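Printed here is my_file15.csv (CSV, C-alpha atoms):
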chain,number,residue,atom,x,y,z
A,1,MET,CA,0.0,0.0,0.0
A,2,ARG,CA,1.3,3.4,-0.9
A,3,LYS,CA,1.8,5.8,2.0
A,4,PRO,CA,0.5,9.3,1.4
A,5,SER,CA,3.2,12.0,1.8
A,6,PRO,CA,1.5,15.3,2.5
A,7,GLN,CA,4.3,17.6,1.5
A,8,ILE,CA,5.9,19.5,-1.3
A,9,VAL,CA,9.3,18.6,-2.5
A,10,ILE,CA,11.3,20.6,-5.1
A,11,LEU,CA,14.7,19.1,-5.7
A,12,LEU,CA,17.7,20.3,-7.8
A,13,LEU,CA,20.4,17.7,-7.8
A,14,VAL,CA,23.4,19.9,-7.1
A,15,TYR,CA,26.6,18.3,-5.9
A,16,LEU,CA,28.0,20.5,-3.2
A,17,THR,CA,31.6,19.6,-3.7
A,18,GLY,CA,33.9,21.1,-1.1
A,19,SER,CA,31.1,23.3,0.4
A,20,LEU,CA,30.2,21.4,3.5
A,21,GLY,CA,32.1,20.3,6.5
A,22,SER,CA,33.4,21.7,9.7
A,23,CYS,CA,35.3,25.0,9.8
A,24,SER,CA,38.7,23.4,9.8
A,25,THR,CA,41.5,23.5,7.3
A,26,GLY,CA,42.8,20.1,8.3
A,27,ILE,CA,44.6,18.2,11.0
A,28,GLY,CA,47.1,20.4,12.9
A,29,LYS,CA,45.9,23.5,11.1
A,30,PRO,CA,44.0,26.3,12.9
A,31,LYS,CA,40.2,26.4,12.6
A,32,ILE,CA,38.5,29.0,10.6
A,33,ARG,CA,36.4,30.8,13.1
A,34,CYS,CA,32.8,31.3,12.5
A,35,LYS,CA,31.5,34.8,11.6
A,36,GLU,CA,30.3,36.7,14.6
A,37,THR,CA,27.3,38.1,12.7
A,38,GLU,CA,26.3,34.6,11.7
A,39,ARG,CA,26.9,33.2,15.2
A,40,ARG,CA,24.6,35.8,16.7
A,41,ALA,CA,22.0,35.0,14.0
A,42,LEU,CA,22.1,31.3,14.9
A,43,LEU,CA,21.6,32.2,18.6
A,44,LYS,CA,18.6,34.4,17.7
A,45,ILE,CA,17.1,31.5,15.7
A,46,LYS,CA,17.6,29.3,18.7
A,47,GLU,CA,16.0,31.9,21.0
A,48,ASP,CA,12.8,32.0,18.9
A,49,LEU,CA,12.3,28.2,19.3
A,50,GLN,CA,11.2,26.2,22.3
A,51,GLU,CA,12.0,22.6,22.9
A,52,HIS,CA,9.5,20.2,24.5
A,53,GLU,CA,12.3,18.0,25.9
A,54,ASP,CA,15.8,19.1,27.0
A,55,GLY,CA,18.7,18.2,24.7
A,56,VAL,CA,17.3,19.0,21.2
A,57,LEU,CA,19.0,22.4,21.1
A,58,SER,CA,21.5,21.9,23.9
A,59,SER,CA,24.5,22.1,21.6
A,60,LEU,CA,23.5,25.5,20.2
A,61,GLY,CA,25.3,28.1,22.2
A,62,ARG,CA,26.8,26.2,25.1
A,63,GLU,CA,29.5,28.3,26.8
A,64,GLU,CA,32.4,26.3,25.4
A,65,GLU,CA,31.1,26.3,21.9
A,66,LYS,CA,29.7,29.8,21.5
A,67,ARG,CA,32.6,31.0,19.5
A,68,GLU,CA,32.7,27.9,17.2
A,69,CYS,CA,29.2,27.5,15.8
A,70,SER,CA,30.5,25.0,13.3
A,71,GLU,CA,30.7,22.5,16.2
A,72,TRP,CA,27.0,22.8,16.9
A,73,ILE,CA,24.8,20.0,15.8
A,74,GLY,CA,23.0,20.7,12.6
A,75,ILE,CA,25.4,23.5,11.6
A,76,ARG,CA,28.0,23.3,8.9
A,77,CYS,CA,30.2,25.9,7.2
A,78,GLY,CA,32.5,26.3,4.3
A,79,ASN,CA,35.9,24.8,4.6
A,80,LYS,CA,37.6,28.0,3.4
A,81,SER,CA,35.2,30.8,4.0
A,82,GLY,CA,33.9,29.9,7.4
A,83,HIS,CA,30.4,31.0,6.4
A,84,VAL,CA,27.4,29.0,7.6
A,85,VAL,CA,26.2,26.9,4.6
A,86,THR,CA,24.0,24.4,6.4
A,87,LEU,CA,21.3,24.8,9.0
A,88,ASP,CA,19.4,21.5,9.7
A,89,LEU,CA,17.1,21.4,12.7
A,90,SER,CA,15.0,18.5,11.5
A,91,PRO,CA,14.2,15.7,14.0
A,92,SER,CA,16.6,13.2,12.3
A,93,THR,CA,19.5,15.6,13.0
A,94,PHE,CA,19.0,15.1,16.7
A,95,ALA,CA,18.4,11.4,16.3
A,96,ARG,CA,14.7,11.8,16.9
A,97,TYR,CA,11.9,10.5,14.8
A,98,ASP,CA,8.9,12.2,16.4
A,99,LEU,CA,7.7,15.4,14.9
A,100,TRP,CA,7.2,18.8,16.6
A,101,SER,CA,9.7,18.4,19.5
A,102,LEU,CA,10.4,22.1,18.6
A,103,GLU,CA,8.0,24.9,18.1
A,104,GLY,CA,8.2,28.7,17.6
A,105,ASN,CA,8.8,31.2,14.8
A,106,ILE,CA,11.2,31.4,11.9
A,107,SER,CA,13.5,34.2,13.1
A,108,SER,CA,14.1,37.1,10.7
A,109,SER,CA,17.7,36.7,11.7
A,110,LEU,CA,17.9,34.0,9.1
A,111,VAL,CA,18.6,36.7,6.5
A,112,ASP,CA,22.0,37.2,8.1
A,113,LEU,CA,23.0,33.7,6.8
A,114,GLN,CA,23.4,34.8,3.2
A,115,TYR,CA,25.8,32.0,2.3
A,116,LEU,CA,23.3,29.4,3.4
A,117,LYS,CA,22.8,26.6,0.9
A,118,TYR,CA,20.9,24.0,2.9
A,119,LEU,CA,18.0,24.8,5.2
A,120,ASP,CA,15.9,22.2,6.9
A,121,LEU,CA,13.3,23.2,9.5
A,122,SER,CA,11.0,20.3,8.9
A,123,GLY,CA,9.1,18.8,11.8
A,124,ILE,CA,9.1,22.0,13.7
A,125,PHE,CA,5.7,23.4,14.8
A,126,LEU,CA,6.1,26.9,13.3
A,127,TYR,CA,3.8,29.7,14.3
A,128,GLY,CA,1.9,31.7,11.7
A,129,ASN,CA,0.2,30.7,8.5
A,130,SER,CA,2.5,31.8,5.8
A,131,ILE,CA,6.0,31.1,4.6
A,132,PRO,CA,8.1,34.2,5.4
A,133,SER,CA,8.9,36.2,2.3
A,134,PHE,CA,12.4,36.9,3.6
A,135,ILE,CA,13.5,33.4,2.8
A,136,GLY,CA,13.5,34.6,-0.8
A,137,THR,CA,16.6,36.7,0.0
A,138,LEU,CA,18.7,33.6,0.6
A,139,SER,CA,20.0,33.6,-3.0
A,140,LYS,CA,22.5,30.8,-2.6
A,141,LEU,CA,19.9,28.4,-1.2
A,142,ARG,CA,19.8,25.0,-2.9
A,143,TYR,CA,17.8,22.9,-0.5
A,144,LEU,CA,14.8,24.1,1.5
A,145,ASN,CA,12.6,21.8,3.6
A,146,LEU,CA,9.6,23.2,5.5
A,147,SER,CA,7.5,20.1,5.5
A,148,HIS,CA,5.3,19.2,8.5
A,149,THR,CA,5.6,22.7,9.9
A,150,PHE,CA,1.9,23.7,9.6
A,151,LEU,CA,2.9,26.6,7.3
A,152,SER,CA,0.3,26.9,4.5
A,153,ARG,CA,-1.5,29.4,2.4
A,154,GLU,CA,0.2,30.9,-0.7
A,155,ILE,CA,3.9,30.4,-1.4
A,156,PRO,CA,5.4,33.9,-1.5
A,157,PRO,CA,6.5,35.0,-4.9
A,158,GLN,CA,9.9,35.9,-3.5
A,159,LEU,CA,10.8,32.2,-3.6
A,160,GLY,CA,11.0,32.7,-7.3
A,161,ASN,CA,14.2,34.6,-6.6
A,162,LEU,CA,15.9,31.4,-5.4
A,163,SER,CA,17.4,30.5,-8.8
A,164,SER,CA,19.7,27.8,-7.3
A,165,LEU,CA,17.0,26.2,-5.2
A,166,SER,CA,17.4,22.5,-4.7
A,167,GLN,CA,14.6,21.2,-2.5
A,168,THR,CA,11.5,22.7,-1.0
A,169,ASN,CA,9.1,21.1,1.3
A,170,MET,CA,5.9,23.0,2.4
A,171,SER,CA,2.4,22.2,3.4
A,172,LEU,CA,0.0,23.6,0.7
A,173,ALA,CA,0.8,25.2,-2.6
A,174,LYS,CA,-2.2,27.1,-4.0
A,175,ASP,CA,0.0,28.8,-6.6
A,176,TRP,CA,2.2,25.8,-7.3
A,177,VAL,CA,2.4,26.2,-11.1
A,178,HIS,CA,3.7,29.7,-10.6
A,179,VAL,CA,6.4,28.5,-8.2
A,180,VAL,CA,7.5,25.7,-10.5
A,181,THR,CA,7.9,27.9,-13.5
A,182,ASN,CA,10.0,30.4,-11.6
A,183,ILE,CA,12.7,28.0,-10.4
A,184,PRO,CA,14.9,27.7,-13.5
A,185,HIS,CA,17.1,24.8,-12.3
A,186,LEU,CA,14.3,22.5,-11.0
A,187,ILE,CA,15.0,18.8,-11.4
A,188,LYS,CA,12.8,17.1,-8.9
A,189,LEU,CA,9.3,18.2,-7.6
A,190,ASN,CA,7.2,16.3,-5.1
A,191,LEU,CA,3.8,17.7,-4.4
A,192,SER,CA,2.2,14.4,-3.3
A,193,GLY,CA,-0.9,14.7,-1.2
A,194,CYS,CA,-1.0,18.5,-1.0
A,195,ASP,CA,-4.6,19.0,-2.0
A,196,LEU,CA,-3.5,21.0,-5.0
A,197,PRO,CA,-6.0,23.0,-7.0
A,198,ASP,CA,-6.4,21.9,-10.6
A,199,ILE,CA,-4.5,23.8,-13.4
A,200,VAL,CA,-6.7,26.5,-14.9
A,201,PRO,CA,-7.1,26.3,-18.7
A,202,GLN,CA,-5.3,29.6,-19.3
A,203,SER,CA,-2.2,28.3,-17.5
A,204,SER,CA,-2.2,25.1,-19.3
A,205,HIS,CA,-2.3,26.8,-22.7
A,206,SER,CA,0.2,29.7,-22.1
A,207,LEU,CA,2.6,28.2,-19.6
A,208,VAL,CA,6.2,28.9,-20.5
A,209,ASN,CA,8.5,26.4,-18.9
A,210,SER,CA,11.3,28.1,-16.9
A,211,SER,CA,13.0,24.8,-16.0
A,212,LYS,CA,14.7,23.0,-18.8
A,213,VAL,CA,15.8,20.1,-16.7
A,214,LEU,CA,12.7,18.9,-14.7
A,215,ALA,CA,13.1,15.1,-14.6
A,216,ILE,CA,11.2,13.8,-11.6
A,217,LEU,CA,7.6,14.9,-10.9
A,218,ASP,CA,5.3,13.5,-8.2
A,219,LEU,CA,1.7,14.9,-8.2
A,220,SER,CA,0.1,11.8,-6.7
A,221,LEU,CA,-2.9,12.0,-4.4
A,222,ASN,CA,-4.1,15.4,-5.7
A,223,PRO,CA,-7.5,15.9,-7.4
A,224,LEU,CA,-6.5,16.9,-10.9
A,225,SER,CA,-8.0,16.8,-14.4
A,226,ALA,CA,-6.8,16.0,-17.9
A,227,LEU,CA,-5.4,19.6,-18.1
A,228,VAL,CA,-2.4,18.4,-16.2
A,229,PHE,CA,-1.3,16.5,-19.3
A,230,ARG,CA,-1.3,19.6,-21.4
A,231,TRP,CA,0.9,21.3,-18.9
A,232,LEU,CA,3.2,18.3,-18.7
A,233,TYR,CA,3.8,18.6,-22.4
A,234,ASN,CA,6.2,21.4,-21.5
A,235,TYR,CA,8.5,18.8,-19.9
A,236,SER,CA,8.0,16.0,-22.4
A,237,HIS,CA,11.7,15.8,-23.4
A,238,THR,CA,13.1,15.9,-19.8
A,239,LEU,CA,10.7,13.9,-17.6
A,240,VAL,CA,11.9,10.4,-16.6
A,241,HIS,CA,9.7,9.9,-13.6
A,242,LEU,CA,6.0,10.9,-13.5
A,243,ASP,CA,3.7,9.9,-10.7
A,244,LEU,CA,0.0,10.6,-11.0
A,245,TYR,CA,-1.3,7.9,-8.7
A,246,GLY,CA,-4.7,8.5,-7.2
A,247,CYS,CA,-5.4,11.9,-8.9
A,248,LYS,CA,-9.0,11.1,-9.9
A,249,LEU,CA,-8.2,11.4,-13.6
A,250,GLU,CA,-11.1,10.5,-15.8
A,251,SER,CA,-9.9,11.0,-19.3
A,252,PRO,CA,-8.5,8.4,-21.7
A,253,LEU,CA,-4.8,8.0,-21.8
A,254,PRO,CA,-3.8,11.3,-23.5
A,255,ILE,CA,-1.8,11.7,-26.7
A,256,TYR,CA,0.6,13.9,-24.8
A,257,LEU,CA,2.3,10.8,-23.4
A,258,LYS,CA,3.3,9.8,-26.9
A,259,ASN,CA,6.1,12.3,-26.9
A,260,MET,CA,7.5,11.4,-23.4
A,261,ALA,CA,10.0,9.0,-24.8
A,262,ALA,CA,12.4,9.5,-21.9
A,263,LEU,CA,10.0,8.2,-19.3
A,264,THR,CA,11.3,5.3,-17.2
A,265,TYR,CA,8.7,5.5,-14.5
A,266,LEU,CA,5.0,6.2,-15.0
A,267,ASP,CA,2.3,5.6,-12.4
A,268,LEU,CA,-1.3,6.3,-13.5
A,269,SER,CA,-2.9,3.7,-11.2
A,270,HIS,CA,-5.9,4.2,-9.0
A,271,ASN,CA,-7.6,6.7,-11.2
A,272,GLU,CA,-10.8,6.7,-13.3
A,273,ILE,CA,-9.0,6.5,-16.7
A,274,LYS,CA,-11.3,5.1,-19.4
A,275,GLY,CA,-10.9,3.9,-23.0
A,276,SER,CA,-8.3,1.5,-24.5
A,277,ILE,CA,-4.6,1.2,-24.3
A,278,PRO,CA,-3.3,3.3,-27.2
A,279,GLN,CA,-0.9,2.0,-29.9
A,280,TYR,CA,1.7,4.6,-29.1
A,281,ILE,CA,2.5,2.8,-25.9
A,282,ARG,CA,5.1,0.9,-28.0
A,283,ASN,CA,7.1,4.1,-28.5
A,284,MET,CA,7.8,4.3,-24.7
A,285,THR,CA,10.9,2.2,-25.1
A,286,ALA,CA,12.7,3.5,-22.0
A,287,ILE,CA,9.9,2.6,-19.6
A,288,ALA,CA,10.9,0.4,-16.7
A,289,TYR,CA,7.9,0.9,-14.3
A,290,LEU,CA,4.4,1.2,-15.8
A,291,ALA,CA,1.4,1.2,-13.5
A,292,LEU,CA,-2.1,1.4,-15.1
A,293,GLY,CA,-4.0,-0.7,-12.6
A,294,ASN,CA,-7.3,0.2,-10.9
A,295,ASN,CA,-8.7,2.1,-13.7
A,296,HIS,CA,-11.5,1.5,-16.3
A,297,LEU,CA,-9.4,0.5,-19.3
A,298,GLU,CA,-11.1,-1.8,-21.7
A,299,GLY,CA,-10.6,-3.6,-25.0
A,300,SER,CA,-7.6,-5.8,-25.8
A,301,ILE,CA,-3.9,-5.1,-25.2
A,302,PRO,CA,-2.2,-4.1,-28.5
A,303,GLU,CA,0.1,-6.8,-29.8
A,304,ALA,CA,2.8,-4.2,-30.2
A,305,PHE,CA,2.7,-3.3,-26.5
A,306,GLY,CA,5.4,-5.7,-25.6
A,307,LEU,CA,7.7,-4.7,-28.5
A,308,ASN,CA,10.8,-2.5,-27.9
A,309,LYS,CA,10.5,-3.0,-24.2
A,310,SER,CA,14.1,-3.8,-23.3
A,311,SER,CA,13.9,-2.1,-19.9
A,312,LEU,CA,10.4,-2.9,-18.6
A,313,GLU,CA,10.6,-4.5,-15.1
A,314,TYR,CA,7.2,-3.8,-13.6
A,315,LEU,CA,3.8,-3.7,-15.4
A,316,ASP,CA,0.5,-3.4,-13.6
A,317,LEU,CA,-2.7,-3.7,-15.6
A,318,SER,CA,-4.8,-5.3,-12.8
A,319,TYR,CA,-8.3,-4.3,-11.9
A,320,ASN,CA,-9.4,-3.0,-15.3
A,321,LYS,CA,-11.9,-4.3,-17.9
A,322,LEU,CA,-9.3,-5.6,-20.4
A,323,GLU,CA,-10.2,-8.6,-22.5
A,324,GLY,CA,-8.8,-10.9,-25.2
A,325,GLU,CA,-5.5,-12.7,-25.0
A,326,ILE,CA,-2.3,-11.4,-23.3
A,327,PRO,CA,0.1,-10.6,-26.2
A,328,LYS,CA,2.8,-13.2,-26.9
A,329,SER,CA,5.3,-10.3,-27.2
A,330,PHE,CA,5.2,-10.1,-23.4
A,331,TRP,CA,7.2,-13.4,-23.3
A,332,LYS,CA,10.0,-11.5,-25.1
A,333,ILE,CA,10.5,-8.9,-22.4
A,334,CYS,CA,13.5,-10.5,-20.7
A,335,THR,CA,13.7,-7.7,-18.1
A,336,LEU,CA,10.1,-8.1,-16.8
A,337,ARG,CA,10.0,-9.2,-13.2
A,338,ASN,CA,6.5,-8.2,-12.0
A,339,LEU,CA,3.4,-8.6,-14.2
A,340,LEU,CA,0.0,-7.9,-12.6
A,341,VAL,CA,-3.0,-8.7,-14.9
A,342,ASN,CA,-5.5,-10.0,-12.4
A,343,ASN,CA,-9.1,-8.9,-12.2
A,344,ASN,CA,-9.6,-8.4,-15.9
A,345,ASN,CA,-11.5,-10.5,-18.5
A,346,PHE,CA,-8.6,-12.1,-20.3
A,347,SER,CA,-9.1,-15.4,-22.1
A,348,GLY,CA,-6.5,-18.1,-22.6
A,349,GLY,CA,-3.2,-18.1,-20.7
A,350,PHE,CA,0.5,-17.5,-21.1
Represent the structure of the file as structure tokens.
Amino acid sequence: MRKPSPQIVILLLVYLTGSLGSCSTGIGKPKIRCKETERRALLKIKEDLQEHEDGVLSSLGREEEKRECSEWIGIRCGNKSGHVVTLDLSPSTFARYDLWSLEGNISSSLVDLQYLKYLDLSGIFLYGNSIPSFIGTLSKLRYLNLSHTFLSREIPPQLGNLSSLSQTNMSLAKDWVHVVTNIPHLIKLNLSGCDLPDIVPQSSHSLVNSSKVLAILDLSLNPLSALVFRWLYNYSHTLVHLDLYGCKLESPLPIYLKNMAALTYLDLSHNEIKGSIPQYIRNMTAIAYLALGNNHLEGSIPEAFGLNKSSLEYLDLSYNKLEGEIPKSFWKICTLRNLLVNNNNFSGGF
């Protein structure tokens, strides 16, 4: 059973070579001291948070470590510059797996950490309803995680200034299309179970894709319509992973999928998709995972379905209204490991 993930994830796979680590130049060499302005900012961030149990924030600001903030848990800085580049206050950082052991506000002192590349405040019960707009001033930010924080409402347009953004987790995203199209280096976006509003027709027609590299997209467990496929056409040459599980889609399989030749993962299961399996499915030669189960597909499986499928490992056609014989071409798919065809009206056997 799939596990709903009520969060937003935006991920740019940026390899931070040489940018993370303690503020030390090596064994026997003097440490690069943390910046006083940034140290004070971190202490202010701590001051605006409360812990339900002692120990979560105990390393931030202890007397012997006040001057060397790089030694605090969840803090990392550049090896050469000494600037804080990572702030991670998520539960896992403190070896905790329960949410909301911290609560409070996102301190405006965060703006003093202008070299920050990685910010994770997930699992903190943050006061207020909206994501602070000043986060948009952190121009070097590549990873942002605000999931499970109870922040909601609209995403501030200032986040569009984060041109290097790597990952963002939030609660709700009413203007999600706007945010997506204003992050130019977006590679991975996870908006699973976020109760997203459907794409309005104007946006689906006139959308200009700002990201040329979007490869992984998860919109599962959101009530969407067929308009989403028209929007997805903007990413037809870059998408390799598309998850639309449980989106209440009612249309036939759209022609827009025909051009997504790079797809290796496609999940359209648990929808209300009608009609037959189109012939163009044979053109999806890179597909490795294809889930079409729990829909209302009918008719026979095209004989060409199993052709040119040298990568297919998982195929789910179960719980539909398919009939006829299962194509013999399926036997030629040497990579196929999981085939689910139960609860249909097939005749004959393998």
task: Show which residues sit within 12 Å of region 255-264 of chain A, as a PyMOL selection string. Count all atoms listed in the file, and ignore same-chain residues fewer than 2 positions away.
output: chain A and resi 214-217+226-243+251-253+266-268+277-291+308-315
field: Nearby residues, (-3.8, -6.5, -11.6) file frame, 9 Å, all atoms listed in the file, as a ChimeraX atom specification
entry: /A:292-294,315-320,339-344
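Restricting the calculation to only C-alpha atoms, the smallest distance between Asp218 (chain A) and any of A:Leu116, A:Ala304, A:Ile187, A:Ile199 is found for A:Ile187.
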task: For region 325-330 of chain A, list every protein, DNA or RNA residue within 7 Å, evaluated using all atoms listed in the file, and leave out those in the same chain fewer than 5 positions away; present the list as a VMD selection string.
output: chain A and resid 301 303 306 to 307 346 to 348
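Separating CA of Trp72 (chain A) from CA of Asp48 (chain A) is a distance of 17.0 Å.
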message: Please compute the CA of Asn295 (chain A)-CA of Glu250 (chain A) distance, one decimal, in Å.
response: 9.0 Å
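Pairwise distance (CA of Asn222 (chain A), CA of Pro184 (chain A)) equals 23.9 Å.
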- request: Please identify all polymer residues within 9 Å of region 100-112 of chain A, counting all atoms listed in the file, omitting same-chain residues fewer than 2 positions from it, and present them as a VMD selection string.
  value: chain A and resid 37 to 38 40 to 42 44 to 53 56 to 57 89 91 96 98 114 to 115 121 to 128 131 to 132 134 to 135 137 to 138 148 to 149
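With all atoms listed in the file as the atoms that count, the residue of A:Ser130, A:Leu141, A:Gly324, A:Asn161 with the shortest distance to Val84 (chain A) is A:Leu141.
Nearest residue to Leu249 (chain A), choosing from A:Ser276, A:Thr181, A:Thr335, A:Ser220 and counting all atoms listed in the file: A:Ser220.
The neighbours of Leu322 (chain A) here are the residues that come within 6 Å of it, using all atoms listed in the file and leaving out any residue fewer than 6 positions away in the same chain; they are Glu298, Gly299, Ser300, Asn344 and Asn345 of chain A.
Each of A:Tyr265, A:Thr93, A:His270, A:Ser147 was checked against Tyr245 (chain A) using all atoms listed in the file; the smallest atom-to-atom distance is that of A:His270.
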